[in-house]
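As structure tokens, the structure follows; a few thoughts come after it.
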Amino acid sequence: MFKRNKISKLISDIDSYFNTLDKASSIFQEGVRNYLYSNKENFNTNLNDMSRTQDDLSELKKEMEFALYTQTSLIRTRSDIMRLLEKTRNIADLLNESLFQFEIEMPLIPSDLNPDFMKLTEFSILAVQSIIPAAKDYFIEPDMIPDKISRAYYYEKEATRFSQNIKRTVFHKMDNLKLSEKFHLRYFALHIENIAKAAENVADQLAVMVTRRSL
């Protein structure tokens, strides 16, 4: 009974962890929109909300790691679950760092690029939000994972496409911008694109975990 209770607590913490990551991804998307359209007060709220979700994620991760190391019944899957948590934590770090970079560096983004930056953000966040239910399914319905991670791969490709479109537009068509301004815009497009690539890394990890589980 004691072991069952500890496993149940771990599963509950994992569920909370991924729900919080999902919340962070939504905060990021809203934050980018508020920055692009100069909603300063709402953007500051997004920054505060992001900080709180990061604290929650850190606390949940510590609790899960402790549970994983003390549960002998999870020895076979412990290392895979730890890698999954590390890779998803990387997504959370990128969401946090990228949003705060907007506040720190205050990039001057031409309004003509707002739709493309929003589409880039949308596809990057969709990639993240695709791997969250897939990660949960590892513990309850692993057969459902392949279909869900395939969406993450699709959204990552779309995010890359929009990131390239932004860079191409900036360097080929915006002659009024200084070279330093062009580099700055490329930097921010790359940061948002990297969120989708981090989600792709989680999808790769889940694919490996499903294969090992079936052996």
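Chain identifiers are assigned as A, B, and so on, following the order in which chains appear in the structure tokens; residues are numbered from 1 within each chain, and ligands are numbered from 1 in order of appearance.
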
Can you pull out the residues contacting segment 131-144 of chain A? Cut-off 8 Å, using only C-alpha atoms, and skip same-chain residues under 6 positions away; I want them as a list of chain:residue names. A:Ile11, A:Ile14, A:Asp15, A:Phe18, A:Asn19, A:Leu21, A:Asp22, A:Ala152, A:Ala199, A:Val202, A:Ala203, A:Leu206, A:Val210

Output the selection as a JSON list (two decimals), in the first residue's frame - all heavy atoms for each residue.
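Produced file out17.json, reproduced below:
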[["chain", "number", "residue", "atom", "x", "y", "z"],
["A", 11, "ILE", "N", 2.95, 9.94, -9.99],
["A", 11, "ILE", "CA", 2.15, 10.13, -11.19],
["A", 11, "ILE", "C", 1.40, 11.46, -11.12],
["A", 11, "ILE", "O", 1.29, 12.20, -12.10],
["A", 11, "ILE", "CB", 1.16, 8.97, -11.39],
["A", 11, "ILE", "CG1", 1.91, 7.66, -11.62],
["A", 11, "ILE", "CG2", 0.23, 9.25, -12.56],
["A", 11, "ILE", "CD1", 2.79, 7.64, -12.84],
["A", 14, "ILE", "N", 3.89, 14.24, -11.77],
["A", 14, "ILE", "CA", 4.23, 14.28, -13.20],
["A", 14, "ILE", "C", 3.12, 14.98, -13.98],
["A", 14, "ILE", "O", 3.38, 15.81, -14.86],
["A", 14, "ILE", "CB", 4.48, 12.85, -13.73],
["A", 14, "ILE", "CG1", 5.81, 12.32, -13.20],
["A", 14, "ILE", "CG2", 4.46, 12.82, -15.26],
["A", 14, "ILE", "CD1", 6.06, 10.86, -13.48],
["A", 15, "ASP", "N", 1.88, 14.65, -13.64],
["A", 15, "ASP", "CA", 0.75, 15.29, -14.30],
["A", 15, "ASP", "C", 0.76, 16.79, -14.04],
["A", 15, "ASP", "O", 0.57, 17.60, -14.97],
["A", 15, "ASP", "CB", -0.55, 14.66, -13.81],
["A", 15, "ASP", "CG", -1.74, 15.03, -14.67],
["A", 15, "ASP", "OD1", -1.70, 14.71, -15.88],
["A", 15, "ASP", "OD2", -2.69, 15.62, -14.16],
["A", 18, "PHE", "N", 3.61, 18.57, -16.09],
["A", 18, "PHE", "CA", 3.33, 18.83, -17.50],
["A", 18, "PHE", "C", 2.20, 19.83, -17.68],
["A", 18, "PHE", "O", 2.20, 20.60, -18.66],
["A", 18, "PHE", "CB", 3.04, 17.52, -18.23],
["A", 18, "PHE", "CG", 4.28, 16.71, -18.48],
["A", 18, "PHE", "CD1", 4.48, 15.49, -17.84],
["A", 18, "PHE", "CD2", 5.25, 17.16, -19.34],
["A", 18, "PHE", "CE1", 5.64, 14.76, -18.05],
["A", 18, "PHE", "CE2", 6.41, 16.44, -19.57],
["A", 18, "PHE", "CZ", 6.61, 15.23, -18.92],
["A", 19, "ASN", "N", 1.26, 19.86, -16.76],
["A", 19, "ASN", "CA", 0.22, 20.89, -16.81],
["A", 19, "ASN", "C", 0.83, 22.28, -16.62],
["A", 19, "ASN", "O", 0.41, 23.26, -17.26],
["A", 19, "ASN", "CB", -0.85, 20.65, -15.75],
["A", 19, "ASN", "CG", -1.76, 19.49, -16.09],
["A", 19, "ASN", "OD1", -1.85, 19.06, -17.24],
["A", 19, "ASN", "ND2", -2.44, 18.95, -15.09],
["A", 21, "LEU", "N", 3.96, 23.09, -17.34],
["A", 21, "LEU", "CA", 4.70, 23.39, -18.56],
["A", 21, "LEU", "C", 3.76, 23.90, -19.65],
["A", 21, "LEU", "O", 4.09, 24.84, -20.39],
["A", 21, "LEU", "CB", 5.45, 22.14, -19.04],
["A", 21, "LEU", "CG", 6.26, 22.30, -20.33],
["A", 21, "LEU", "CD1", 7.35, 23.35, -20.17],
["A", 21, "LEU", "CD2", 6.87, 20.95, -20.74],
["A", 22, "ASP", "N", 2.60, 23.30, -19.75],
["A", 22, "ASP", "CA", 1.60, 23.75, -20.71],
["A", 22, "ASP", "C", 1.19, 25.19, -20.41],
["A", 22, "ASP", "O", 1.05, 26.02, -21.33],
["A", 22, "ASP", "CB", 0.38, 22.82, -20.65],
["A", 22, "ASP", "CG", -0.66, 23.16, -21.69],
["A", 22, "ASP", "OD1", -0.35, 23.10, -22.89],
["A", 22, "ASP", "OD2", -1.80, 23.50, -21.31],
["A", 152, "ALA", "N", 4.21, 16.96, -33.25],
["A", 152, "ALA", "CA", 5.32, 17.81, -32.81],
["A", 152, "ALA", "C", 6.34, 17.98, -33.93],
["A", 152, "ALA", "O", 6.86, 19.09, -34.15],
["A", 152, "ALA", "CB", 6.00, 17.22, -31.58],
["A", 199, "ALA", "N", 11.21, 20.90, -28.30],
["A", 199, "ALA", "CA", 10.05, 20.00, -28.28],
["A", 199, "ALA", "C", 10.32, 18.77, -29.15],
["A", 199, "ALA", "O", 9.93, 17.65, -28.80],
["A", 199, "ALA", "CB", 8.80, 20.73, -28.75],
["A", 202, "VAL", "N", 12.29, 16.30, -27.25],
["A", 202, "VAL", "CA", 11.45, 15.53, -26.34],
["A", 202, "VAL", "C", 10.71, 14.43, -27.10],
["A", 202, "VAL", "O", 10.59, 13.30, -26.62],
["A", 202, "VAL", "CB", 10.44, 16.44, -25.60],
["A", 202, "VAL", "CG1", 9.46, 15.62, -24.79],
["A", 202, "VAL", "CG2", 11.19, 17.41, -24.69],
["A", 203, "ALA", "N", 10.23, 14.77, -28.29],
["A", 203, "ALA", "CA", 9.55, 13.77, -29.12],
["A", 203, "ALA", "C", 10.50, 12.60, -29.44],
["A", 203, "ALA", "O", 10.10, 11.43, -29.40],
["A", 203, "ALA", "CB", 9.04, 14.41, -30.41],
["A", 206, "LEU", "N", 10.80, 10.44, -26.35],
["A", 206, "LEU", "CA", 9.61, 9.63, -26.16],
["A", 206, "LEU", "C", 9.57, 8.45, -27.13],
["A", 206, "LEU", "O", 9.14, 7.35, -26.77],
["A", 206, "LEU", "CB", 8.35, 10.49, -26.33],
["A", 206, "LEU", "CG", 8.04, 11.43, -25.15],
["A", 206, "LEU", "CD1", 6.99, 12.45, -25.56],
["A", 206, "LEU", "CD2", 7.56, 10.64, -23.93],
["A", 210, "VAL", "N", 9.29, 4.59, -25.90],
["A", 210, "VAL", "CA", 8.23, 3.68, -26.34],
["A", 210, "VAL", "C", 8.82, 2.41, -26.91],
["A", 210, "VAL", "O", 8.35, 1.30, -26.64],
["A", 210, "VAL", "CB", 7.33, 4.37, -27.38],
["A", 210, "VAL", "CG1", 6.37, 3.34, -28.02],
["A", 210, "VAL", "CG2", 6.51, 5.46, -26.75]]

Contacts of Ile27 of chain A at 10 Å or less, counting only C-alpha atoms, minus same-chain residues fewer than 3 places along, as a ChimeraX atom specification? /A:21-24,30-33,43,45-50,53,95-96,99

Convert the current residue selection to file output with N, CA and C atoms, as a compact mmCIF listing (two decimals), in the first residue's frame.
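The file below, selection09.txt, is the result:
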# COMPACT_ATOMS: atom_id res chain seq x y z
N LEU A 21 3.96 23.09 -17.34
CA LEU A 21 4.70 23.39 -18.56
C LEU A 21 3.76 23.90 -19.65
N ASP A 22 2.60 23.30 -19.75
CA ASP A 22 1.60 23.75 -20.71
C ASP A 22 1.19 25.19 -20.41
N LYS A 23 1.03 25.51 -19.14
CA LYS A 23 0.68 26.87 -18.74
C LYS A 23 1.80 27.84 -19.13
N ALA A 24 3.04 27.44 -18.92
CA ALA A 24 4.18 28.29 -19.28
C ALA A 24 4.21 28.57 -20.77
N GLU A 30 1.26 34.35 -25.19
CA GLU A 30 0.55 35.59 -24.88
C GLU A 30 1.54 36.74 -24.66
N GLY A 31 2.67 36.42 -24.03
CA GLY A 31 3.67 37.45 -23.79
C GLY A 31 4.26 38.01 -25.06
N VAL A 32 4.55 37.15 -26.02
CA VAL A 32 5.08 37.61 -27.31
C VAL A 32 4.05 38.50 -28.00
N ARG A 33 2.79 38.09 -27.97
CA ARG A 33 1.73 38.90 -28.59
C ARG A 33 1.65 40.27 -27.91
N PHE A 43 2.10 42.57 -20.73
CA PHE A 43 3.39 41.90 -20.91
C PHE A 43 4.10 41.73 -19.57
N THR A 45 2.68 41.48 -16.71
CA THR A 45 1.95 40.42 -16.01
C THR A 45 2.43 39.05 -16.49
N ASN A 46 2.64 38.92 -17.80
CA ASN A 46 3.15 37.66 -18.35
C ASN A 46 4.51 37.31 -17.77
N LEU A 47 5.37 38.29 -17.59
CA LEU A 47 6.69 38.05 -17.01
C LEU A 47 6.57 37.52 -15.58
N ASN A 48 5.70 38.15 -14.81
CA ASN A 48 5.50 37.71 -13.43
C ASN A 48 4.91 36.30 -13.37
N ASP A 49 3.96 36.03 -14.25
CA ASP A 49 3.35 34.70 -14.29
C ASP A 49 4.37 33.64 -14.69
N MET A 50 5.25 34.00 -15.64
CA MET A 50 6.28 33.06 -16.08
C MET A 50 7.23 32.73 -14.93
N THR A 53 5.57 30.22 -12.62
CA THR A 53 5.50 28.85 -13.17
C THR A 53 6.88 28.19 -13.13
N LEU A 95 11.54 28.89 -22.69
CA LEU A 95 10.36 29.76 -22.62
C LEU A 95 10.63 30.95 -21.70
N ASN A 96 11.21 30.67 -20.55
CA ASN A 96 11.50 31.72 -19.57
C ASN A 96 12.56 32.69 -20.10
N LEU A 99 11.36 34.85 -23.17
CA LEU A 99 10.41 35.91 -22.86
C LEU A 99 11.11 37.06 -22.14

Between atom CA of Leu185 of chain A and atom CA of Ile109 of chain A, measure the distance and give it in Å to one decimal.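 Atom CA of Ile109 of chain A lies at a distance of 7.0 Å from atom CA of Leu185 of chain A.
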
Do you have the atom CA of Arg89 of chain A-atom CA of Arg52 of chain A distance handy? 14.7 Å

I'd like to know which of A:Ser25, A:Asn114, A:Thr77, A:Gln101 is closest to Ala196 of chain A, using only C-alpha atoms. A:Ser25

Could you check the closest approach to Lys197 of chain A for each of A:Met106, A:Ile166, A:Ile125, A:Met174 and tell me which residue wins, using only C-alpha atoms? A:Ile125

So which residues touch Leu120 of chain A within 10 Å, counting only C-alpha atoms, skipping near sequence neighbours fewer than 4 positions away, as a ChimeraX atom specification? /A:29,114-116,124-126,155-156,158-166,189-190,192-193,196

The residue from A:Glu200, A:Pro107, A:Thr121, A:Asn34 with the smallest atom-to-atom distance to Arg151 of chain A, counting only C-alpha atoms, is A:Glu200

Which one of A:Leu113, A:Ile195, A:Ile91, A:Pro146 sits closest to Arg168 of chain A if you count only C-alpha atoms? A:Leu113
